[in-house]
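Structure first, then comments.
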Amino acid sequence: MHIILASASPRRRELIRRIGWEEEIEKSHFMEVKNEKEALAWIKKEKKDDLFHPFSQEELVCIVNAYGKARDAVSRRGDDRPVLGADTIVVLGSSVLGKPKDQEDAFRMLSCLSGRVHQVKTGMALLYRGKTDLSVTTTEVRFRQLDKEEIMEYIATGEPADKAGAYGIQGLGTLLVESICGSYDNVVGLPLAVLYERMRRLVNRREASEISR
């Protein structure tokens, strides 16, 4: 399978290659929404209420971003090959945690996550030959009880800077995690089993053979 990946994330690129697919990177210029209010405003402006109706308010953040990235890539590359946009957020209670603005913000996020269960949600948008498939996959993650010193040590590694919720489970952030319930790949950035299943529904066997060349 040969797809267009509307993301420059090295983690998503690695995940795509893990299942034997090939990807072309088309970095998105979509201006991401940061919260539910911005997501709802974007949906209203674009008149896409029906498309996003099935999702909860928290999920709207990641699914709007995923769709916006994919649509932006399609505007330049077309959709003769499947185009994948994705966005991952961390939800604690009713609060959406995106990427930290700075080290102080990272400390705030990690302190809030300490000793608690949160949800990691990845929105995926697949656009192909006029068809659209949207999904959100959720994994529950429980953090260990963290003290101030180890939070500061982790922030000093630089790893939290570009990660939703200020941690990366595929790196040193795995030491913060006590347990997970659901897809590990989803926490990294792409739920591969869900992606594979939804791609099979979107692309028939003959088309899959054509776009693998």
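Each chain in the structure tokens gets a letter, A, B and so on, in the order shown; residues start at 1 in every chain, and ligands are counted from 1 in the order they appear.
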
* To do: Name the residues in contact with region 57-62 of chain A at a cut-off of 9 Å, using only C-alpha atoms, excluding same-chain residues fewer than 4 positions from it; report them as a ChimeraX atom specification.
  => /A:32-40,52,66-67,86-89,91,94-96,121-124,136

Could you build a table of the residues in region 66-137 of chain A lying no more than 7 Å from region 142-162 of chain A, giving for each the nearest pair of atoms and their separation in Å rounded to one decimal place, using only C-alpha atoms, ordered by chain and ascending residue number, as CSV?
```
residue,atom,partner,partner_atom,distance
A:Lys99,CA,A:Asp162,CA,5.7
A:Pro100,CA,A:Ala161,CA,6.2
A:Gln103,CA,A:Ile155,CA,6.8
A:Ala106,CA,A:Pro160,CA,6.8
A:Phe107,CA,A:Ile151,CA,6.8
A:Leu110,CA,A:Ile151,CA,6.9
A:Leu113,CA,A:Phe143,CA,6.4
A:Ser114,CA,A:Gln145,CA,5.0
A:Gly115,CA,A:Gln145,CA,4.1
A:Arg116,CA,A:Arg142,CA,5.6
A:Val117,CA,A:Arg142,CA,4.2
A:His118,CA,A:Arg142,CA,6.4
```

Could you list, with a cut-off of 12 Å and counting only C-alpha atoms, the residues of region 98-139 of chain A near region 191-201 of chain A, each shown with its nearest atom pair and the distance in Å rounded to one decimal, rows sorted by chain and ascending number, as CSV?
```
residue,atom,partner,partner_atom,distance
A:Val120,CA,A:Pro191,CA,10.9
A:Lys121,CA,A:Pro191,CA,9.7
A:Thr122,CA,A:Pro191,CA,7.6
A:Gly123,CA,A:Pro191,CA,9.5
A:Met124,CA,A:Leu195,CA,8.0
A:Ala125,CA,A:Leu195,CA,9.7
A:Leu126,CA,A:Met199,CA,7.8
A:Leu127,CA,A:Met199,CA,10.0
A:Tyr128,CA,A:Met199,CA,9.7
A:Lys131,CA,A:Arg201,CA,10.9
A:Thr132,CA,A:Arg198,CA,10.7
A:Asp133,CA,A:Arg198,CA,7.6
A:Leu134,CA,A:Arg198,CA,9.1
A:Ser135,CA,A:Arg198,CA,8.7
A:Val136,CA,A:Pro191,CA,9.4
A:Thr137,CA,A:Pro191,CA,7.0
A:Thr138,CA,A:Pro191,CA,9.1
A:Thr139,CA,A:Pro191,CA,9.5
```

Could those selected residues go to a file with N, CA and C atoms, as a short mmCIF file (atom, residue, chain, number, x, y, z; two decimals), in the first residue's frame?
```cif
data_model
loop_
_atom_site.label_atom_id
_atom_site.label_comp_id
_atom_site.auth_asym_id
_atom_site.auth_seq_id
_atom_site.Cartn_x
_atom_site.Cartn_y
_atom_site.Cartn_z
N VAL A 120 -5.84 8.87 25.79
CA VAL A 120 -5.13 9.33 24.60
C VAL A 120 -6.04 9.05 23.41
N LYS A 121 -6.34 10.07 22.65
CA LYS A 121 -7.24 9.94 21.50
C LYS A 121 -6.51 10.34 20.23
N THR A 122 -6.55 9.47 19.25
CA THR A 122 -5.99 9.79 17.93
C THR A 122 -7.11 9.84 16.91
N GLY A 123 -7.26 10.99 16.29
CA GLY A 123 -8.20 11.14 15.19
C GLY A 123 -7.50 10.82 13.89
N MET A 124 -8.17 10.07 13.03
CA MET A 124 -7.61 9.74 11.71
C MET A 124 -8.63 10.10 10.63
N ALA A 125 -8.13 10.72 9.57
CA ALA A 125 -8.96 11.05 8.40
C ALA A 125 -8.32 10.43 7.17
N LEU A 126 -9.07 9.56 6.49
CA LEU A 126 -8.62 8.96 5.25
C LEU A 126 -9.46 9.53 4.11
N LEU A 127 -8.80 10.14 3.14
CA LEU A 127 -9.47 10.70 1.97
C LEU A 127 -8.96 9.96 0.73
N TYR A 128 -9.91 9.45 -0.08
CA TYR A 128 -9.51 8.65 -1.24
C TYR A 128 -10.59 8.68 -2.31
N LYS A 131 -13.96 9.82 -1.37
CA LYS A 131 -14.51 9.20 -0.16
C LYS A 131 -13.78 9.70 1.08
N THR A 132 -14.51 9.78 2.18
CA THR A 132 -13.95 10.25 3.45
C THR A 132 -14.27 9.26 4.56
N ASP A 133 -13.24 8.88 5.32
CA ASP A 133 -13.44 8.01 6.47
C ASP A 133 -12.80 8.67 7.69
N LEU A 134 -13.60 8.92 8.72
CA LEU A 134 -13.11 9.56 9.93
C LEU A 134 -13.28 8.61 11.12
N SER A 135 -12.29 8.61 12.00
CA SER A 135 -12.37 7.76 13.19
C SER A 135 -11.55 8.37 14.33
N VAL A 136 -11.95 8.02 15.55
CA VAL A 136 -11.17 8.39 16.73
C VAL A 136 -10.98 7.13 17.57
N THR A 137 -9.75 6.84 17.93
CA THR A 137 -9.42 5.67 18.75
C THR A 137 -8.92 6.15 20.11
N THR A 138 -9.40 5.49 21.17
CA THR A 138 -9.08 5.90 22.54
C THR A 138 -8.33 4.82 23.29
N THR A 139 -7.28 5.21 23.98
CA THR A 139 -6.53 4.33 24.87
C THR A 139 -6.47 4.98 26.25
#
```

* Those in region 112-144 of chain A with strand (DSSP E) from DSSP, as number ranges by chain -> A: 117-128, 131-143

Residues just named, written with N, CA, C and O atoms as a short mmCIF file (atom, residue, chain, number, x, y, z; two decimals), in the first residue's frame:
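Below is the file result.cif, written as the result:
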```
data_model
loop_
_atom_site.label_atom_id
_atom_site.label_comp_id
_atom_site.auth_asym_id
_atom_site.auth_seq_id
_atom_site.Cartn_x
_atom_site.Cartn_y
_atom_site.Cartn_z
N VAL A 117 -5.48 8.46 35.78
CA VAL A 117 -5.80 7.85 34.49
C VAL A 117 -6.23 8.95 33.52
O VAL A 117 -7.04 9.81 33.87
N HIS A 118 -5.68 8.91 32.31
CA HIS A 118 -6.12 9.84 31.28
C HIS A 118 -6.38 9.06 29.99
O HIS A 118 -6.07 7.87 29.89
N GLN A 119 -6.94 9.72 29.03
CA GLN A 119 -7.23 9.11 27.73
C GLN A 119 -6.35 9.73 26.66
O GLN A 119 -6.15 10.95 26.63
N VAL A 120 -5.84 8.87 25.79
CA VAL A 120 -5.13 9.33 24.60
C VAL A 120 -6.04 9.05 23.41
O VAL A 120 -6.47 7.90 23.21
N LYS A 121 -6.34 10.07 22.65
CA LYS A 121 -7.24 9.94 21.50
C LYS A 121 -6.51 10.34 20.23
O LYS A 121 -5.93 11.42 20.16
N THR A 122 -6.55 9.47 19.25
CA THR A 122 -5.99 9.79 17.93
C THR A 122 -7.11 9.84 16.91
O THR A 122 -7.83 8.85 16.72
N GLY A 123 -7.26 10.99 16.29
CA GLY A 123 -8.20 11.14 15.19
C GLY A 123 -7.50 10.82 13.89
O GLY A 123 -6.36 11.24 13.67
N MET A 124 -8.17 10.07 13.03
CA MET A 124 -7.61 9.74 11.71
C MET A 124 -8.63 10.10 10.63
O MET A 124 -9.82 9.83 10.77
N ALA A 125 -8.13 10.72 9.57
CA ALA A 125 -8.96 11.05 8.40
C ALA A 125 -8.32 10.43 7.17
O ALA A 125 -7.15 10.70 6.87
N LEU A 126 -9.07 9.56 6.49
CA LEU A 126 -8.62 8.96 5.25
C LEU A 126 -9.46 9.53 4.11
O LEU A 126 -10.69 9.43 4.13
N LEU A 127 -8.80 10.14 3.14
CA LEU A 127 -9.47 10.70 1.97
C LEU A 127 -8.96 9.96 0.73
O LEU A 127 -7.76 9.87 0.52
N TYR A 128 -9.91 9.45 -0.08
CA TYR A 128 -9.51 8.65 -1.24
C TYR A 128 -10.59 8.68 -2.31
O TYR A 128 -11.71 8.24 -2.07
N LYS A 131 -13.96 9.82 -1.37
CA LYS A 131 -14.51 9.20 -0.16
C LYS A 131 -13.78 9.70 1.08
O LYS A 131 -12.59 9.99 1.03
N THR A 132 -14.51 9.78 2.18
CA THR A 132 -13.95 10.25 3.45
C THR A 132 -14.27 9.26 4.56
O THR A 132 -15.41 8.82 4.70
N ASP A 133 -13.24 8.88 5.32
CA ASP A 133 -13.44 8.01 6.47
C ASP A 133 -12.80 8.67 7.69
O ASP A 133 -11.60 8.97 7.68
N LEU A 134 -13.60 8.92 8.72
CA LEU A 134 -13.11 9.56 9.93
C LEU A 134 -13.28 8.61 11.12
O LEU A 134 -14.29 7.91 11.23
N SER A 135 -12.29 8.61 12.00
CA SER A 135 -12.37 7.76 13.19
C SER A 135 -11.55 8.37 14.33
O SER A 135 -10.59 9.12 14.09
N VAL A 136 -11.95 8.02 15.55
CA VAL A 136 -11.17 8.39 16.73
C VAL A 136 -10.98 7.13 17.57
O VAL A 136 -11.95 6.42 17.86
N THR A 137 -9.75 6.84 17.93
CA THR A 137 -9.42 5.67 18.75
C THR A 137 -8.92 6.15 20.11
O THR A 137 -8.12 7.08 20.19
N THR A 138 -9.40 5.49 21.17
CA THR A 138 -9.08 5.90 22.54
C THR A 138 -8.33 4.82 23.29
O THR A 138 -8.71 3.65 23.23
N THR A 139 -7.28 5.21 23.98
CA THR A 139 -6.53 4.33 24.87
C THR A 139 -6.47 4.98 26.25
O THR A 139 -6.22 6.19 26.35
N GLU A 140 -6.69 4.19 27.30
CA GLU A 140 -6.58 4.72 28.66
C GLU A 140 -5.17 4.45 29.20
O GLU A 140 -4.65 3.34 29.06
N VAL A 141 -4.59 5.47 29.79
CA VAL A 141 -3.23 5.38 30.32
C VAL A 141 -3.22 5.81 31.78
O VAL A 141 -3.80 6.85 32.13
N ARG A 142 -2.58 5.02 32.63
CA ARG A 142 -2.42 5.39 34.03
C ARG A 142 -0.96 5.73 34.30
O ARG A 142 -0.06 4.95 33.97
N PHE A 143 -0.73 6.90 34.89
CA PHE A 143 0.61 7.32 35.27
C PHE A 143 0.95 6.84 36.69
O PHE A 143 0.08 6.72 37.54
#
```

* Please return as a count of residues only: the residues of region 72-209 of chain A that backbone DSSP assigns to alpha helix (DSSP H). => 47

* Asked: Please, what distance in Å, to one decimal, runs between CA of Asp79 (chain A) and CA of Ile25 (chain A)?
  -> 13.7 Å

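Among the candidate residues A:Ala8, A:Asn65, A:Lys48, A:Met1, the one lying nearest to Trp21 (chain A) is A:Met1, with distances computed using only C-alpha atoms.
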
* Asked: How many Å lie between CA of Leu176 (chain A) and CA of Arg12 (chain A), rounded to one decimal?
  -> 21.5 Å
